[in-house]
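Chemist: Before I ask anything, let me first share the structure, which is written out below as structure tokens.
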Amino acid sequence: MIAAFFAPIAGEAGLGLRDDAALLQAPQGRGIVLTKDLLVAGAHFFEDDPPDAIARKALRVNLSDLAAKAARPLGFLLGLALPPDWTADWLKRFAAGLGADAQNFDCPLLGGDTVKTSGPLTLSITALGAAPGHGMVRRDAARDGDALYVSGSIGDAALGLRLRLNREEDRHWIAALGAENAAFLADRYLLPQPRLGLIETLGEHARAAMDVSDGLAGDLAKMLALAGLTADVALADLPLSQAVRAALSARPELIETICCGGDDYEILCAVAPEKALALEAGAKAAGIELTRIGQAQRGAAAPIFRNTKGEALRLARASFSHF
């Protein structure tokens, strides 16, 4: 199995997957950033998702974490627990998707472990990256007065998941989307887009950063609380795609799902006011949309999200949680 499917896509440091360990040369003077994500069928993806898409998502959610730390990918380790009904064809397609993304994002497979399980398909990836010369961009370093930015658009994947679940309560707004918008949301859930193009500008200008994986409202609260901060965010300032706006127009209550749903995998960052324009210019040069959503301020309360009337949005749950 290893020789047939994974050795052909392994990087040089993986030693052809003929050993029990990889040998990685750390860039001189750079710290090593490590991150790990575990994905389980039925919880993080659908069992009938295409095998190549499952593999790509597993790698990309880790690359999103590296991007938020301004860390250049060096490689990854794969843990794969296969259920009894796995087939060689499924594994071939899985490895092809994994290998394509490993090449496209310059993050080679270094090794890992493959086992059989009686439970659902489970994937674990540990990604390694090289920190910027001056050190990793931490989550807890925001300061009072920092400008707050988020990349891309939010809420797409959360609505893409609801679209896939196809519940009766969602039929009206799903029907109002149109085929193009529905396809866009489904793709955003299936295949995250790690913002590796922001690595250079985040490393140079951001004070604090994290990737938005459990919902913007909850992740913003997590980042700011570590520094004794809060924020006041206008919903009108949030970056929303055409598809999300179409869904909101049909059902305004979806704003909570948009703010609190998971799987955005966008970058949330705080930057000193004097560096804000440079950060924006760097993002523009990288071809990645970066939107200013507010300003960090002293306070112990969770960030407030306000509608056009200035009223605070009441959130039943700020972010996704397994427990």
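Just remember, in the structure tokens the first chain shown is A, the second B, etc., residues are 1-based per chain, and ligands are 1-based in the order shown.
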Once DSSP has gone over the backbone, tell me which residues of segment 10-257 of chain A are in alpha helix (DSSP H), as an MDAnalysis selection string.

Modeler: chainID A and resid 51:68 88:104 156:165 171:177 179:190 199:205 216:225 242:250 255:257

Chemist: Quick one: residues within 10 Å of segment 66-74 of chain A, only C-alpha atoms, excluding same-chain residues fewer than 3 positions away - as a ChimeraX atom specification?

Modeler: /A:11,13,24-27,30-35,60-63,102,105-110,127-133,135-139,194-204,206,208-212,265-269

Chemist: Can you list, as a ChimeraX atom specification, every protein, DNA or RNA residue that comes within 12 Å of Leu254 of chain A when you count only C-alpha atoms, leaving out same-chain residues fewer than 4 positions away?

Modeler: /A:155-156,158-159,162,169-170,173-174,244-250,258-261,313,315

Chemist: Show me, as a compact mmCIF listing (two decimals) with C-alpha atoms, in the first residue's frame, the residues that have an atom within 8 Å of Thr114 of chain A when counting only C-alpha atoms, minus same-chain residues fewer than 4 positions from it.

Modeler:
# COMPACT_ATOMS: atom_id res chain seq x y z
CA GLY A 79 -2.17 9.36 9.64
CA LEU A 80 -4.81 7.30 7.83
CA ALA A 81 -7.29 4.95 9.53
CA LEU A 82 -9.18 3.04 6.82

Chemist: From the options A:Glu280, A:Asp89, A:Glu180, A:Asp52, which residue's atoms come nearest to Gln242 of chain A, counting only C-alpha atoms?

Modeler: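 Smallest distance to Gln242 of chain A is found for A:Glu180.
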
Chemist: Where does DSSP see strand (DSSP E) in segment 3-38 of chain A, if you list the residues as a PyMOL selection string?

Modeler: chain A and resi 32-38

Chemist: Which residues of segment 97-202 of chain A sit at most 10 Å from segment 218-224 of chain A, using only C-alpha atoms? Give each one's shortest atom pair and distance in Å (one decimal place), in chain and ascending residue order, as CSV.

Modeler:
residue,atom,partner,partner_atom,distance
A:Arg138,CA,A:Met223,CA,9.5
A:Arg139,CA,A:Met223,CA,5.8
A:Asp140,CA,A:Met223,CA,6.1
A:Ala141,CA,A:Met223,CA,8.6
A:Ala142,CA,A:Leu224,CA,6.8
A:Arg143,CA,A:Leu224,CA,8.6
A:Asp144,CA,A:Leu224,CA,9.6
A:Leu148,CA,A:Leu220,CA,9.2
A:Val150,CA,A:Leu220,CA,9.9

Chemist: Tell me which protein, DNA and RNA residues are within 12 Å of Lys92 of chain A, counting only C-alpha atoms, leaving out same-chain ones fewer than 2 positions away, and put them as a list in words.

Modeler: Met1, Ile2, Ala3, Ala4, Phe5, Phe6, Pro8, Ile9, Pro50, Pro51, Asp52, Ala55, Trp86, Thr87, Ala88, Asp89, Trp90, Phe94, Ala95, Ala96, Gly97, Leu98 and Gly99 of chain A

Chemist: Go ahead and write the residues just picked, N, CA and C atoms, as an mmCIF file, in the first residue's frame.

Modeler:
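Dumped everything to result-v6.cif:
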data_model
loop_
_atom_site.group_PDB
_atom_site.id
_atom_site.type_symbol
_atom_site.label_atom_id
_atom_site.label_comp_id
_atom_site.auth_asym_id
_atom_site.auth_seq_id
_atom_site.Cartn_x
_atom_site.Cartn_y
_atom_site.Cartn_z
ATOM 1 N N MET A 1 0.825 -1.202 0.000
ATOM 2 C CA MET A 1 0.000 0.000 0.000
ATOM 3 C C MET A 1 0.870 1.269 0.000
ATOM 4 N N ILE A 2 1.859 1.281 0.879
ATOM 5 C CA ILE A 2 2.748 2.443 0.959
ATOM 6 C C ILE A 2 3.521 2.614 -0.338
ATOM 7 N N ALA A 3 4.084 1.518 -0.834
ATOM 8 C CA ALA A 3 4.889 1.580 -2.050
ATOM 9 C C ALA A 3 4.052 1.981 -3.266
ATOM 10 N N ALA A 4 2.827 1.476 -3.324
ATOM 11 C CA ALA A 4 1.987 1.705 -4.503
ATOM 12 C C ALA A 4 1.375 3.094 -4.531
ATOM 13 N N PHE A 5 0.890 3.596 -3.363
ATOM 14 C CA PHE A 5 0.097 4.819 -3.367
ATOM 15 C C PHE A 5 0.801 6.049 -2.802
ATOM 16 N N PHE A 6 1.664 5.865 -1.797
ATOM 17 C CA PHE A 6 2.191 7.028 -1.104
ATOM 18 C C PHE A 6 3.658 7.318 -1.393
ATOM 19 N N PRO A 8 5.205 7.232 -4.209
ATOM 20 C CA PRO A 8 5.369 8.045 -5.417
ATOM 21 C C PRO A 8 5.096 9.530 -5.205
ATOM 22 N N ILE A 9 4.367 9.901 -4.152
ATOM 23 C CA ILE A 9 4.068 11.321 -3.940
ATOM 24 C C ILE A 9 4.872 11.913 -2.787
ATOM 25 N N PRO A 50 -15.862 12.952 -2.928
ATOM 26 C CA PRO A 50 -14.817 12.365 -3.778
ATOM 27 C C PRO A 50 -13.528 12.154 -2.978
ATOM 28 N N PRO A 51 -12.872 11.018 -3.147
ATOM 29 C CA PRO A 51 -11.652 10.734 -2.376
ATOM 30 C C PRO A 51 -10.576 11.803 -2.523
ATOM 31 N N ASP A 52 -10.406 12.323 -3.749
ATOM 32 C CA ASP A 52 -9.378 13.347 -3.942
ATOM 33 C C ASP A 52 -9.711 14.618 -3.186
ATOM 34 N N ALA A 55 -8.886 14.195 0.565
ATOM 35 C CA ALA A 55 -7.451 14.336 0.783
ATOM 36 C C ALA A 55 -7.023 15.793 0.730
ATOM 37 N N TRP A 86 -12.681 -0.119 2.447
ATOM 38 C CA TRP A 86 -11.815 0.636 1.547
ATOM 39 C C TRP A 86 -11.463 -0.209 0.326
ATOM 40 N N THR A 87 -11.189 0.481 -0.772
ATOM 41 C CA THR A 87 -10.817 -0.210 -2.009
ATOM 42 C C THR A 87 -9.544 0.410 -2.582
ATOM 43 N N ALA A 88 -8.871 -0.333 -3.442
ATOM 44 C CA ALA A 88 -7.658 0.168 -4.071
ATOM 45 C C ALA A 88 -7.964 1.376 -4.959
ATOM 46 N N ASP A 89 -9.126 1.355 -5.625
ATOM 47 C CA ASP A 89 -9.502 2.479 -6.477
ATOM 48 C C ASP A 89 -9.703 3.738 -5.649
ATOM 49 N N TRP A 90 -10.377 3.600 -4.500
ATOM 50 C CA TRP A 90 -10.586 4.766 -3.617
ATOM 51 C C TRP A 90 -9.240 5.322 -3.169
ATOM 52 N N PHE A 94 -7.558 8.994 -3.761
ATOM 53 C CA PHE A 94 -7.175 9.761 -2.578
ATOM 54 C C PHE A 94 -5.719 10.222 -2.704
ATOM 55 N N ALA A 95 -4.831 9.306 -3.033
ATOM 56 C CA ALA A 95 -3.409 9.625 -3.150
ATOM 57 C C ALA A 95 -3.151 10.608 -4.288
ATOM 58 N N ALA A 96 -3.920 10.493 -5.369
ATOM 59 C CA ALA A 96 -3.745 11.411 -6.501
ATOM 60 C C ALA A 96 -4.096 12.841 -6.091
ATOM 61 N N GLY A 97 -5.199 13.010 -5.369
ATOM 62 C CA GLY A 97 -5.578 14.339 -4.901
ATOM 63 C C GLY A 97 -4.581 14.896 -3.910
ATOM 64 N N LEU A 98 -4.121 14.037 -3.007
ATOM 65 C CA LEU A 98 -3.146 14.456 -2.007
ATOM 66 C C LEU A 98 -1.834 14.862 -2.669
ATOM 67 N N GLY A 99 -1.393 14.062 -3.624
ATOM 68 C CA GLY A 99 -0.140 14.357 -4.310
ATOM 69 C C GLY A 99 -0.208 15.645 -5.121
#

Chemist: Of the residues A:Asp113, A:Asp37, A:Asp49, A:Glu289, which is the one nearest to Tyr189 of chain A, using only C-alpha atoms?

Modeler: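 Ranking A:Asp113, A:Asp37, A:Asp49, A:Glu289 by distance to Tyr189 of chain A, first place goes to A:Asp49.
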
Chemist: I'd like the neighbourhood of Gly14 of chain A as a list in words, where a residue qualifies if any of its atoms comes within 10 Å (using only C-alpha atoms), though same-chain residues fewer than 2 positions away should be ignored.

Modeler: Ala7, Ile9, Ala10, Gly11, Glu12, Gly16, Leu17, Arg18, Asp19, Asp20, Ala21, Ala22, Leu23, Leu24, Gly75, Phe76, Leu77, Pro108, Leu109, Leu110, Gly111 and Gly112 of chain A
